[in-house]
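> To be precise about what I am sending: the file is called target_4.cif and holds mmCIF, C-alpha atoms.
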```
data_my_file
#
loop_
_atom_site.label_atom_id
_atom_site.label_comp_id
_atom_site.auth_asym_id
_atom_site.auth_seq_id
_atom_site.Cartn_x
_atom_site.Cartn_y
_atom_site.Cartn_z
CA MET A 226 77.35 126.90 155.51
CA ASP A 227 78.36 123.37 156.30
CA THR A 228 77.62 121.73 152.93
CA SER A 229 77.87 118.24 154.44
CA LYS A 230 74.30 118.82 155.68
CA LEU A 231 73.18 118.99 152.03
CA TYR A 232 74.21 115.39 151.51
CA GLU A 233 72.68 114.21 154.77
CA ALA A 234 69.24 115.57 153.79
CA ASP A 235 66.69 112.84 153.10
CA LEU A 236 65.07 113.06 149.65
CA THR A 237 62.44 110.39 150.30
CA ASP A 238 59.56 112.86 150.61
CA ALA A 239 61.01 115.58 148.38
CA VAL A 240 58.52 117.38 146.16
CA TRP A 241 60.10 117.64 142.71
CA ILE A 242 59.26 120.48 140.33
CA LYS A 243 59.85 120.30 136.58
CA ALA A 244 59.92 123.42 134.42
CA SER A 245 56.79 124.03 132.38
CA ALA A 246 59.06 124.66 129.37
CA SER A 247 60.42 121.08 129.40
CA ASN A 248 59.87 119.12 126.22
CA GLN A 249 57.37 116.30 125.67
CA ASN A 250 59.88 113.44 126.07
CA GLY A 251 60.70 114.61 129.59
CA ALA A 252 64.21 115.84 128.85
CA CYS A 253 64.53 118.28 131.71
CA VAL A 254 65.84 118.69 135.21
CA GLU A 255 63.71 118.72 138.33
CA LEU A 256 64.36 120.68 141.51
CA ALA A 257 63.29 120.06 145.09
CA SER A 258 63.55 122.38 148.05
CA LEU A 259 65.47 121.01 151.02
CA SER A 260 65.68 122.50 154.49
CA VAL A 261 69.37 123.18 153.81
CA GLY A 262 69.35 123.92 150.07
CA VAL A 263 68.06 122.62 146.75
CA ALA A 264 68.37 119.22 145.05
CA VAL A 265 68.56 118.83 141.26
CA ARG A 266 67.99 115.60 139.34
CA ASP A 267 67.58 114.36 135.77
CA SER A 268 63.86 113.86 135.14
CA LYS A 269 64.58 110.90 132.82
CA ASN A 270 66.62 109.14 135.52
CA PRO A 271 64.98 110.03 138.84
CA ASP A 272 66.57 107.09 140.67
CA ARG A 273 70.10 108.34 140.06
CA PRO A 274 71.75 110.50 142.72
CA ALA A 275 70.62 114.11 142.84
CA LEU A 276 73.02 117.02 142.85
CA ARG A 277 72.62 119.31 145.84
CA TYR A 278 73.34 123.01 146.09
CA THR A 279 73.03 125.75 148.66
CA ARG A 280 70.43 128.38 147.87
CA GLU A 281 73.27 130.86 147.31
CA GLU A 282 74.89 128.58 144.71
CA LEU A 283 71.61 128.08 142.88
CA ALA A 284 70.85 131.82 142.99
CA ALA A 285 74.26 132.55 141.44
CA PHE A 286 73.59 130.05 138.65
CA ILE A 287 70.12 131.45 137.94
CA ALA A 288 71.49 134.99 137.85
CA GLY A 289 74.12 133.88 135.34
CA ALA A 290 71.52 132.10 133.22
CA LYS A 291 69.27 135.17 133.22
CA ALA A 292 72.24 137.30 132.18
CA GLY A 293 72.86 135.00 129.19
CA GLU A 294 76.20 133.68 130.43
CA PHE A 295 75.38 130.13 129.26
CA ASP A 296 73.56 130.93 126.03
CA HIS A 297 76.54 129.79 123.94
CA LEU A 298 76.04 126.26 125.29
CA ILE A 299 72.63 125.77 123.64
#
```
In structure tokens, how does this file's structure come out?

Amino acid sequence: MDTSKLYEADLTDAVWIKASASNQNGACVELASLSVGVAVRDSKNPDRPALRYTREELAAFIAGAKAGEFDHLI
């Protein structure tokens, strides 16, 4: 996939989703589906640039998280 299309995608009308497990002070990340991938942003700083990933990259991360590969970080 040409990842340059990820950074050309307009986020103006993106619908952001925050995890229901996020804490009360809003410390969480939000994700938005793009036609070419997924955008991720800090919910406390929504005006800062969002990170953008292909669906394959995000799927690999989620699989690693489910497998406990990042548990030592928390």
> Give me the result of the PyMOL selection byres ((chain A and resi 240) around 10) on this file, residue by residue, as a ChimeraX atom specification.
/A:236-239,241-242,255-259
> Tell me, in Å to one decimal, how far atom CA of Ile287 of chain A is from atom CA of Asp235 of chain A.
24.2 Å
> One number please: atom CA of Ala234 of chain A to atom CA of Val254 of chain A, in Å, one decimal.
19.1 Å
> Which residues would end up in the selection if the PyMOL selection byres ((chain A and resi 261) around 8) were applied here, given that I need the answer as a list in words?
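Against this file, the PyMOL selection byres ((chain A and resi 261) around 8) returns the residues Lys230, Leu231, Ala234, Leu259, Ser260, Gly262, Val263, Thr279 and Arg280 of chain A.
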> If I wrap all listed atoms of segment 276-294 of chain A in a box with edges along x, y and z and add 5 Å on each side, what are its centre and edge lengths in Å to one decimal, as AutoDock Vina command-line options?

```
--center_x 72.7 --center_y 127.2 --center_z 138.9 --size_x 16.9 --size_y 30.3 --size_z 29.5
```
> For the PyMOL selection byres ((chain A and resi 269) around 7), applied here, can you spell out every residue it catches as a list in words?
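Applying the PyMOL selection byres ((chain A and resi 269) around 7) to the structure shown produces Gly251, Ala252, Asp267, Ser268, Asn270 and Pro271 of chain A.
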> Put those residues in a file: C-alpha atoms, as a PDB file, keeping the file's coordinate frame.

```
ATOM      1  CA  GLY A 251      60.700 114.610 129.590  1.00  0.00           C
ATOM      2  CA  ALA A 252      64.210 115.840 128.850  1.00  0.00           C
ATOM      3  CA  ASP A 267      67.580 114.360 135.770  1.00  0.00           C
ATOM      4  CA  SER A 268      63.860 113.860 135.140  1.00  0.00           C
ATOM      5  CA  ASN A 270      66.620 109.140 135.520  1.00  0.00           C
ATOM      6  CA  PRO A 271      64.980 110.030 138.840  1.00  0.00           C
TER       7      PRO A 271
END
```
> Of the candidates A:Ala244, A:Asn250, A:Glu233, A:Thr228, which shows the shortest atom-to-atom distance to Glu281 of chain A, using all atoms listed in the file?
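Smallest separation from Glu281 of chain A among the options: A:Thr228.
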> Enter the distance from atom CA of Asp296 of chain A to atom CA of Ala275 of chain A, in Å, rounded to one decimal.
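Computed distance, atom CA of Asp296 of chain A to atom CA of Ala275 of chain A, equals 24.0 Å.
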